[in-house]
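Here's protein_21.txt, which has compact mmCIF, C-alpha atoms:
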```txt
# COMPACT_ATOMS: atom_id res chain seq x y z
CA MET A 311 -16.77 52.72 -25.24
CA LYS A 312 -16.65 54.60 -21.97
CA ARG A 313 -13.38 55.62 -20.39
CA TRP A 314 -13.81 53.33 -17.36
CA GLN A 315 -14.50 50.37 -19.64
CA LYS A 316 -11.28 51.06 -21.53
CA ILE A 317 -9.39 51.20 -18.24
CA VAL A 318 -10.86 47.86 -17.10
CA LEU A 319 -10.03 46.20 -20.41
CA SER A 320 -6.50 47.59 -20.25
CA VAL A 321 -6.03 46.23 -16.74
CA ILE A 322 -7.34 42.81 -17.78
CA ALA A 323 -5.05 42.78 -20.80
CA LEU A 324 -2.09 43.69 -18.61
CA LEU A 325 -2.90 40.95 -16.11
CA LEU A 326 -3.24 38.38 -18.88
CA THR A 327 0.08 39.47 -20.33
CA VAL A 328 1.74 39.11 -16.93
CA LEU A 329 0.24 35.66 -16.42
CA LEU A 330 1.11 34.42 -19.90
CA ILE A 331 4.55 35.94 -20.34
CA GLY A 332 5.71 36.83 -16.85
CA PRO A 333 6.77 33.31 -15.80
CA PHE A 334 9.27 33.15 -18.64
CA PHE A 335 11.17 36.09 -17.15
CA VAL A 336 11.73 34.20 -13.88
CA PRO A 337 15.29 32.87 -13.91
CA VAL A 338 15.57 29.10 -13.32
CA SER A 339 19.13 27.98 -12.76
CA VAL A 340 20.40 24.42 -13.13
CA MET A 341 20.49 22.55 -9.82
CA GLY A 342 23.12 19.98 -8.95
CA GLY A 343 25.94 18.87 -11.15
CA ALA A 344 26.95 15.41 -10.00
CA ASP A 345 26.76 12.33 -12.22
CA ALA A 346 24.82 9.42 -10.72
CA HIS A 347 27.75 7.04 -11.14
CA THR A 348 29.97 9.22 -8.95
CA LEU A 349 27.51 8.82 -6.06
CA ALA A 350 27.09 5.06 -6.47
CA ASP A 351 28.01 2.59 -3.74
CA ALA A 352 30.35 -0.35 -4.22
CA ASP A 353 27.35 -2.68 -4.61
CA SER A 354 25.42 -0.38 -6.95
CA ARG A 355 24.49 -1.68 -10.37
CA PHE A 356 23.14 0.02 -13.48
CA VAL A 357 21.18 -1.44 -16.37
CA GLU A 358 19.53 0.06 -19.45
CA ALA A 359 15.86 -0.90 -19.71
CA PRO A 360 13.44 -0.05 -22.55
CA LEU A 361 10.48 2.24 -21.93
CA GLY A 362 8.22 3.63 -24.63
CA SER A 363 10.28 4.57 -27.67
CA ASP A 364 13.44 5.08 -25.61
CA SER A 365 15.20 3.55 -22.60
CA ILE A 366 16.27 4.50 -19.08
CA GLU A 367 19.35 3.60 -17.09
CA ILE A 368 18.13 2.13 -13.81
CA HIS A 369 20.13 2.09 -10.60
CA TYR A 370 19.53 -1.05 -8.57
CA LYS A 371 21.04 -3.34 -5.99
CA GLU A 372 20.69 -7.10 -5.78
CA ALA A 373 21.42 -9.69 -3.13
CA GLY A 374 20.66 -13.31 -2.30
CA VAL A 375 19.24 -16.28 -4.15
CA GLY A 376 16.04 -18.25 -3.83
CA GLU A 377 12.44 -18.10 -4.94
CA PRO A 378 10.29 -16.18 -5.00
CA THR A 379 12.29 -13.18 -6.12
CA LEU A 380 11.38 -9.98 -4.29
CA VAL A 381 11.37 -6.62 -6.09
CA LEU A 382 11.31 -3.59 -3.77
CA LEU A 383 9.70 -0.26 -4.78
CA HIS A 384 10.29 2.76 -2.54
CA GLY A 385 7.97 5.69 -1.84
CA PHE A 386 7.94 9.38 -2.72
CA GLY A 387 11.08 11.32 -1.89
CA ALA A 388 12.98 8.12 -1.08
CA SER A 389 15.22 5.72 -2.96
CA LEU A 390 16.42 2.14 -2.61
CA PHE A 391 18.29 3.48 0.45
CA SER A 392 14.99 3.14 2.33
CA TRP A 393 15.28 -0.68 2.20
CA ARG A 394 18.66 -0.76 3.99
CA GLU A 395 17.28 -2.40 7.17
CA VAL A 396 15.42 -5.26 5.51
CA MET A 397 17.22 -6.07 2.27
CA ALA A 398 20.02 -8.21 3.71
CA PRO A 399 17.74 -10.23 6.04
CA LEU A 400 15.32 -10.90 3.16
CA ALA A 401 18.24 -11.95 0.96
CA GLU A 402 19.08 -14.79 3.34
CA ASN A 403 16.39 -16.89 1.64
CA HIS A 404 15.39 -14.94 -1.47
CA ARG A 405 16.75 -13.11 -4.44
CA VAL A 406 16.07 -9.46 -3.62
CA ILE A 407 16.20 -6.55 -6.09
CA ALA A 408 15.70 -2.93 -5.05
CA PHE A 409 15.73 -0.12 -7.59
CA ASP A 410 15.32 3.65 -7.76
CA ARG A 411 12.13 4.74 -9.46
CA PRO A 412 12.54 7.51 -12.07
CA ALA A 413 12.90 11.00 -10.46
CA PHE A 414 14.54 9.48 -7.40
CA GLY A 415 17.86 8.02 -6.31
CA LEU A 416 20.49 7.41 -8.98
CA THR A 417 18.23 6.25 -11.80
CA GLU A 418 18.43 8.35 -14.97
CA ARG A 419 16.29 11.50 -15.00
CA PRO A 420 15.10 12.03 -18.59
CA LEU A 421 14.32 15.60 -19.66
CA ARG A 422 11.50 16.81 -21.87
CA GLY A 423 12.72 17.46 -25.40
CA GLU A 424 15.71 15.17 -24.98
CA TRP A 425 13.97 11.84 -24.36
CA GLY A 426 11.09 10.03 -26.03
CA THR A 427 8.36 11.83 -27.96
CA ALA A 428 6.03 14.71 -27.15
CA ALA A 429 3.08 12.31 -27.34
CA GLU A 430 4.66 10.04 -24.73
CA TRP A 431 5.27 12.93 -22.34
CA SER A 432 1.62 13.94 -22.71
CA ARG A 433 0.65 10.41 -21.61
CA GLY A 434 2.85 10.56 -18.53
CA ILE A 435 5.82 8.63 -19.92
CA PRO A 436 8.40 8.21 -18.38
CA TYR A 437 7.44 9.55 -14.93
CA GLY A 438 3.80 8.52 -14.55
CA ALA A 439 2.81 5.61 -12.33
CA GLU A 440 1.74 3.40 -15.23
CA ALA A 441 5.03 4.04 -17.02
CA GLN A 442 6.89 3.10 -13.85
CA ALA A 443 4.87 -0.11 -13.66
CA ASP A 444 5.97 -0.92 -17.21
CA LEU A 445 9.55 -0.08 -16.26
CA THR A 446 9.33 -2.49 -13.34
CA ILE A 447 8.52 -5.28 -15.77
CA ALA A 448 11.26 -4.10 -18.14
CA LEU A 449 13.77 -4.32 -15.30
CA MET A 450 12.57 -7.82 -14.46
CA ASP A 451 13.05 -8.76 -18.11
CA GLU A 452 16.59 -7.39 -18.14
CA LEU A 453 17.45 -9.31 -14.97
CA GLY A 454 15.81 -12.57 -16.05
CA VAL A 455 12.98 -12.52 -13.49
CA GLU A 456 9.90 -14.29 -14.81
CA GLN A 457 7.72 -13.68 -11.78
CA ALA A 458 8.22 -11.77 -8.55
CA VAL A 459 6.67 -10.69 -5.29
CA LEU A 460 6.49 -6.91 -5.38
CA VAL A 461 7.13 -5.09 -2.12
CA GLY A 462 6.00 -1.47 -2.32
CA ASN A 463 5.90 1.37 0.18
CA SER A 464 3.53 4.34 -0.14
CA ALA A 465 3.59 5.54 -3.78
CA GLY A 466 5.72 2.48 -4.54
CA GLY A 467 2.79 0.42 -3.28
CA ALA A 468 0.51 2.09 -5.81
CA VAL A 469 3.00 1.34 -8.60
CA SER A 470 3.15 -2.27 -7.38
CA ILE A 471 -0.63 -2.58 -7.62
CA ILE A 472 -0.69 -1.05 -11.10
CA THR A 473 2.02 -3.50 -12.16
CA ALA A 474 -0.06 -6.42 -10.90
CA LEU A 475 -3.15 -5.14 -12.73
CA LYS A 476 -1.30 -4.56 -16.03
CA HIS A 477 0.90 -7.65 -15.90
CA PRO A 478 -0.84 -10.20 -13.61
CA GLU A 479 1.15 -13.15 -14.95
CA ARG A 480 4.39 -11.52 -13.76
CA VAL A 481 3.37 -10.85 -10.15
CA LYS A 482 3.09 -13.75 -7.70
CA ALA A 483 2.00 -11.68 -4.70
CA LEU A 484 2.05 -8.18 -3.26
CA ILE A 485 3.44 -6.85 0.01
CA LEU A 486 2.14 -3.33 0.50
CA ILE A 487 3.60 -1.16 3.25
CA SER A 488 1.29 1.82 3.85
CA PRO A 489 0.32 1.94 0.17
CA ALA A 490 -1.11 5.16 -1.28
CA VAL A 491 -4.31 3.76 -2.79
CA TYR A 492 -7.12 6.11 -1.80
CA SER A 493 -5.32 9.39 -2.46
CA GLY A 494 -6.64 11.18 -5.53
CA GLY A 495 -4.65 12.78 -8.32
CA PRO A 496 -5.05 16.18 -9.96
CA ASN A 497 -8.26 16.90 -11.88
CA GLU A 498 -8.29 17.64 -15.59
CA ALA A 499 -7.97 21.40 -15.11
CA ALA A 500 -4.99 20.99 -12.78
CA ARG A 501 -3.35 18.52 -15.19
CA TRP A 502 -3.76 21.02 -18.04
CA LEU A 503 -2.20 23.75 -15.92
CA LEU A 504 0.76 21.55 -14.96
CA GLN A 505 1.50 20.92 -18.63
CA THR A 506 1.47 24.56 -19.75
CA PRO A 507 4.80 26.03 -20.94
CA GLN A 508 4.62 28.58 -18.12
CA MET A 509 4.43 25.90 -15.42
CA GLN A 510 7.01 23.79 -17.19
CA HIS A 511 9.38 26.75 -16.92
CA ILE A 512 8.87 27.61 -13.24
CA GLY A 513 7.93 24.11 -12.05
CA PRO A 514 11.48 23.23 -10.94
CA LEU A 515 11.38 26.18 -8.54
CA ILE A 516 8.31 24.62 -6.92
CA ALA A 517 10.02 21.23 -6.76
CA ARG A 518 12.99 22.77 -4.96
CA ARG A 519 10.74 23.55 -2.00
CA ILE A 520 11.29 19.94 -0.93
CA GLN A 521 14.59 21.16 0.48
CA GLU A 522 12.58 23.26 2.93
CA TRP A 523 9.72 20.95 3.90
CA GLY A 524 11.40 17.62 3.25
CA ILE A 525 12.73 17.13 6.78
CA ASP A 526 9.32 17.90 8.28
CA PHE A 527 7.75 15.40 5.87
CA ALA A 528 10.31 12.78 6.90
CA ARG A 529 9.68 13.41 10.59
CA SER A 530 5.95 13.02 10.10
CA ALA A 531 6.58 9.64 8.43
CA TRP A 532 8.14 8.25 11.61
CA HIS A 533 6.36 7.54 14.87
CA ASN A 534 9.58 8.49 16.65
CA PRO A 535 11.40 11.06 14.48
CA ALA A 536 14.29 11.10 16.95
CA LEU A 537 15.39 7.87 15.25
CA ILE A 538 16.22 9.81 12.07
CA THR A 539 19.97 10.17 12.45
CA ASP A 540 22.23 12.49 10.48
CA ASP A 541 23.42 9.48 8.46
CA ILE A 542 19.85 8.56 7.55
CA TRP A 543 19.04 12.11 6.49
CA GLN A 544 22.21 12.24 4.44
CA GLY A 545 21.15 9.01 2.73
CA TYR A 546 17.80 10.56 1.85
CA THR A 547 19.24 13.78 0.47
CA ALA A 548 22.36 12.55 -1.33
CA PRO A 549 20.55 12.27 -4.71
CA LEU A 550 19.82 16.02 -4.58
CA GLN A 551 23.39 16.50 -5.75
CA ILE A 552 22.50 15.10 -9.18
CA LYS A 553 22.08 17.54 -12.05
CA ASN A 554 18.46 18.52 -12.80
CA TRP A 555 17.00 16.57 -9.87
CA ASP A 556 14.45 19.38 -9.45
CA ARG A 557 13.32 19.22 -13.09
CA ALA A 558 12.78 15.47 -12.83
CA LEU A 559 10.81 15.86 -9.61
CA TRP A 560 8.63 18.46 -11.29
CA GLU A 561 8.05 16.17 -14.27
CA LEU A 562 6.92 13.46 -11.86
CA THR A 563 4.43 15.95 -10.42
CA ALA A 564 3.23 17.00 -13.87
CA ALA A 565 2.75 13.33 -14.84
CA SER A 566 0.49 12.62 -11.85
CA ARG A 567 -2.94 11.25 -12.64
CA ALA A 568 -5.91 9.95 -10.68
CA ASN A 569 -5.41 6.18 -10.91
CA ARG A 570 -8.72 5.18 -9.26
CA LEU A 571 -7.16 2.02 -7.87
CA ASP A 572 -9.92 1.76 -5.27
CA GLU A 573 -12.35 0.98 -8.10
CA ARG A 574 -10.32 -2.05 -9.25
CA LEU A 575 -9.48 -3.79 -5.99
CA ASN A 576 -11.76 -6.73 -6.78
CA GLU A 577 -9.45 -7.60 -9.69
CA LEU A 578 -6.56 -8.25 -7.31
CA THR A 579 -7.18 -11.86 -6.39
CA LEU A 580 -3.52 -12.72 -5.80
CA PRO A 581 -2.21 -13.06 -2.21
CA ILE A 582 -1.56 -9.67 -0.61
CA LEU A 583 -0.03 -8.61 2.69
CA VAL A 584 -0.81 -5.08 3.91
CA ILE A 585 1.51 -3.68 6.58
CA THR A 586 0.98 -0.39 8.39
CA GLY A 587 2.12 1.34 11.53
CA ASP A 588 -0.51 2.24 14.10
CA ASP A 589 0.65 5.88 13.89
CA ASP A 590 0.82 6.46 10.14
CA ARG A 591 0.25 10.17 9.51
CA ILE A 592 1.04 10.08 5.77
CA VAL A 593 -1.32 7.30 4.66
CA PRO A 594 -3.61 7.07 7.71
CA THR A 595 -3.65 3.66 9.35
CA ALA A 596 -7.41 3.45 8.80
CA GLN A 597 -6.85 3.52 5.01
CA SER A 598 -4.58 0.47 5.13
CA GLU A 599 -7.10 -1.32 7.35
CA ARG A 600 -9.85 -0.48 4.88
CA LEU A 601 -7.70 -1.69 1.99
CA ALA A 602 -7.09 -5.07 3.60
CA GLN A 603 -10.84 -5.48 4.09
CA GLU A 604 -11.73 -4.53 0.52
CA LEU A 605 -9.13 -6.74 -1.17
CA PRO A 606 -10.36 -10.27 -1.99
CA ASN A 607 -7.30 -12.13 -0.64
CA ALA A 608 -5.40 -9.97 1.82
CA ARG A 609 -4.07 -10.16 5.34
CA LEU A 610 -3.24 -7.18 7.55
CA THR A 611 -0.42 -6.48 9.99
CA VAL A 612 -0.57 -3.36 12.17
CA ILE A 613 2.72 -2.64 13.92
CA PRO A 614 2.50 -0.83 17.27
CA ALA A 615 4.42 2.40 17.89
CA CYS A 616 5.32 2.70 14.21
CA GLY A 617 4.72 5.18 11.42
CA HIS A 618 4.58 5.29 7.64
CA VAL A 619 7.89 3.56 6.88
CA ALA A 620 7.65 0.37 8.94
CA HIS A 621 10.52 -1.25 7.03
CA GLU A 622 12.81 1.54 8.23
CA GLU A 623 11.49 2.39 11.68
CA CYS A 624 10.33 -1.07 12.78
CA PRO A 625 12.30 -3.58 10.67
CA THR A 626 12.07 -6.55 13.06
CA PRO A 627 8.25 -6.89 13.21
CA THR A 628 8.07 -5.95 9.53
CA LEU A 629 10.42 -8.79 8.63
CA GLU A 630 8.46 -11.21 10.81
CA ALA A 631 5.24 -10.35 8.99
CA ILE A 632 6.88 -10.60 5.57
CA ASN A 633 8.58 -13.93 6.29
CA GLN A 634 5.35 -15.45 7.61
CA PHE A 635 3.51 -14.29 4.52
CA LEU A 636 6.18 -15.63 2.16
CA ALA A 637 6.13 -18.97 3.97
CA SER A 638 2.37 -19.16 3.41
CA LEU A 639 2.87 -18.86 -0.34
CA GLU A 640 4.69 -22.19 -0.36
CA HIS A 641 1.69 -24.12 0.92
```
Translate the structure described by the file into structure tokens.
Amino acid sequence: MKRWQKIVLSVIALLLTVLLIGPFFVPVSVMGGADAHTLADADSRFVEAPLGSDSIEIHYKEAGVGEPTLVLLHGFGASLFSWREVMAPLAENHRVIAFDRPAFGLTERPLRGEWGTAAEWSRGIPYGAEAQADLTIALMDELGVEQAVLVGNSAGGAVSIITALKHPERVKALILISPAVYSGGPNEAARWLLQTPQMQHIGPLIARRIQEWGIDFARSAWHNPALITDDIWQGYTAPLQIKNWDRALWELTAASRANRLDERLNELTLPILVITGDDDRIVPTAQSERLAQELPNARLTVIPACGHVAHEECPTPTLEAINQFLASLEH
């Protein structure tokens, strides 16, 4: 073997060693230290719900009485705090339940190696969208809800759709606020990379970047970001005080999969209301308009001068659309 070939092979071997072993030398400290219960509000509730071979403690709030029961599912980076403007008005005539999806809010954040089995983690349990759909039903079971109208925003809209597809007898109707339906997930190669021990080690460092770009993401979700007050931002970021919030957020990322919901829309024959702002820069307005057209039994409401989180930024027209839709279910 020639000298230059030996040098090239040595360089390649060194690079491979750096790639394979180097990440493990990157220090990853523990973020946060607060217990979820210490951050809970006076009206917060917690319940243990089964999932896979284990269970998760879910943080939720409940108000009102009356059928149909509404179950609210928030979007990425949010929590049940995002329903603060509409929950009480909806509870005037309905039982309303809002809960924090795993990796967000005050719901338990299971850690790999401490919860469930290795096989379950490889299938995306407990953080994957399908697992969260199953957890939605488990929560309904724990709270004695036979059937509900699911109200989902963004990624919570996708989980709502998956829940309706997996458990159609439990879902009376869907209200989808800027649902993330047409966005793809990571391909097989990316999924493999996300699951490697190297990425599992340094992944939390990537998740922590949300502290840097999170406010810009929030601003882009509102048509008028000047409406995001300090109190609202504090409500969004309060859960970042919880221990290992970054590890849970990374596990949610690693559990992401292409759900191909757009290929199953014809199966959703139940009544559906799609709500979007006319200035949605997260899930473009045109995608929600397309969704309403492709669903067999859907109606569409486009709210002027509104962004991605209509229930927060434009609660009055959002409530009007929801109440009209709910009234139509009674006829």
Pull the closest atom pair for each residue of stretch 412-465 of chain A that gets at most 12 Å from stretch 630-641 of chain A, along with the distance in Å to one decimal, counting only C-alpha atoms, ordering rows by chain and then ascending residue number, as CSV.
```
residue,atom,partner,partner_atom,distance
A:Ala458,CA,A:Leu636,CA,11.6
A:Val459,CA,A:Leu636,CA,9.0
A:Leu460,CA,A:Leu636,CA,11.5
A:Val461,CA,A:Ile632,CA,9.5
```
**OP:** Pick out the closest residue to A:Ala548 from this set: A:Pro614, A:Gly415, A:Pro360, A:Gly385. Count only C-alpha atoms.
**Re:** A:Gly415
Original post:
Quick one: residues within 10 Å of stretch 347-351 of chain A, all atoms listed in the file counted, chain neighbours fewer than 5 positions away excluded, as a ChimeraX atom specification?
Top reply: /A:356,369-371,415-417,548-549,551-552
Subject >> Residue contacts of A:Val593 (8 Å, all atoms listed in the file) excluding same-chain residues fewer than 3 positions away, as JSON, numbers by chain >> reply: {"A": [464, 488, 489, 490, 590, 597, 598, 618]}
**OP:** Please identify all polymer residues within 8 Å of stretch 472-481 of chain A, counting only C-alpha atoms, omitting same-chain residues fewer than 4 positions from it, and present them as a list in words.
**Re:** Ala439, Glu440, Ala443, Asp444, Thr446, Ile447, Glu456, Gln457, Ala458, Val459, Leu460, Ala468, Leu571, Glu577 and Leu578 of chain A
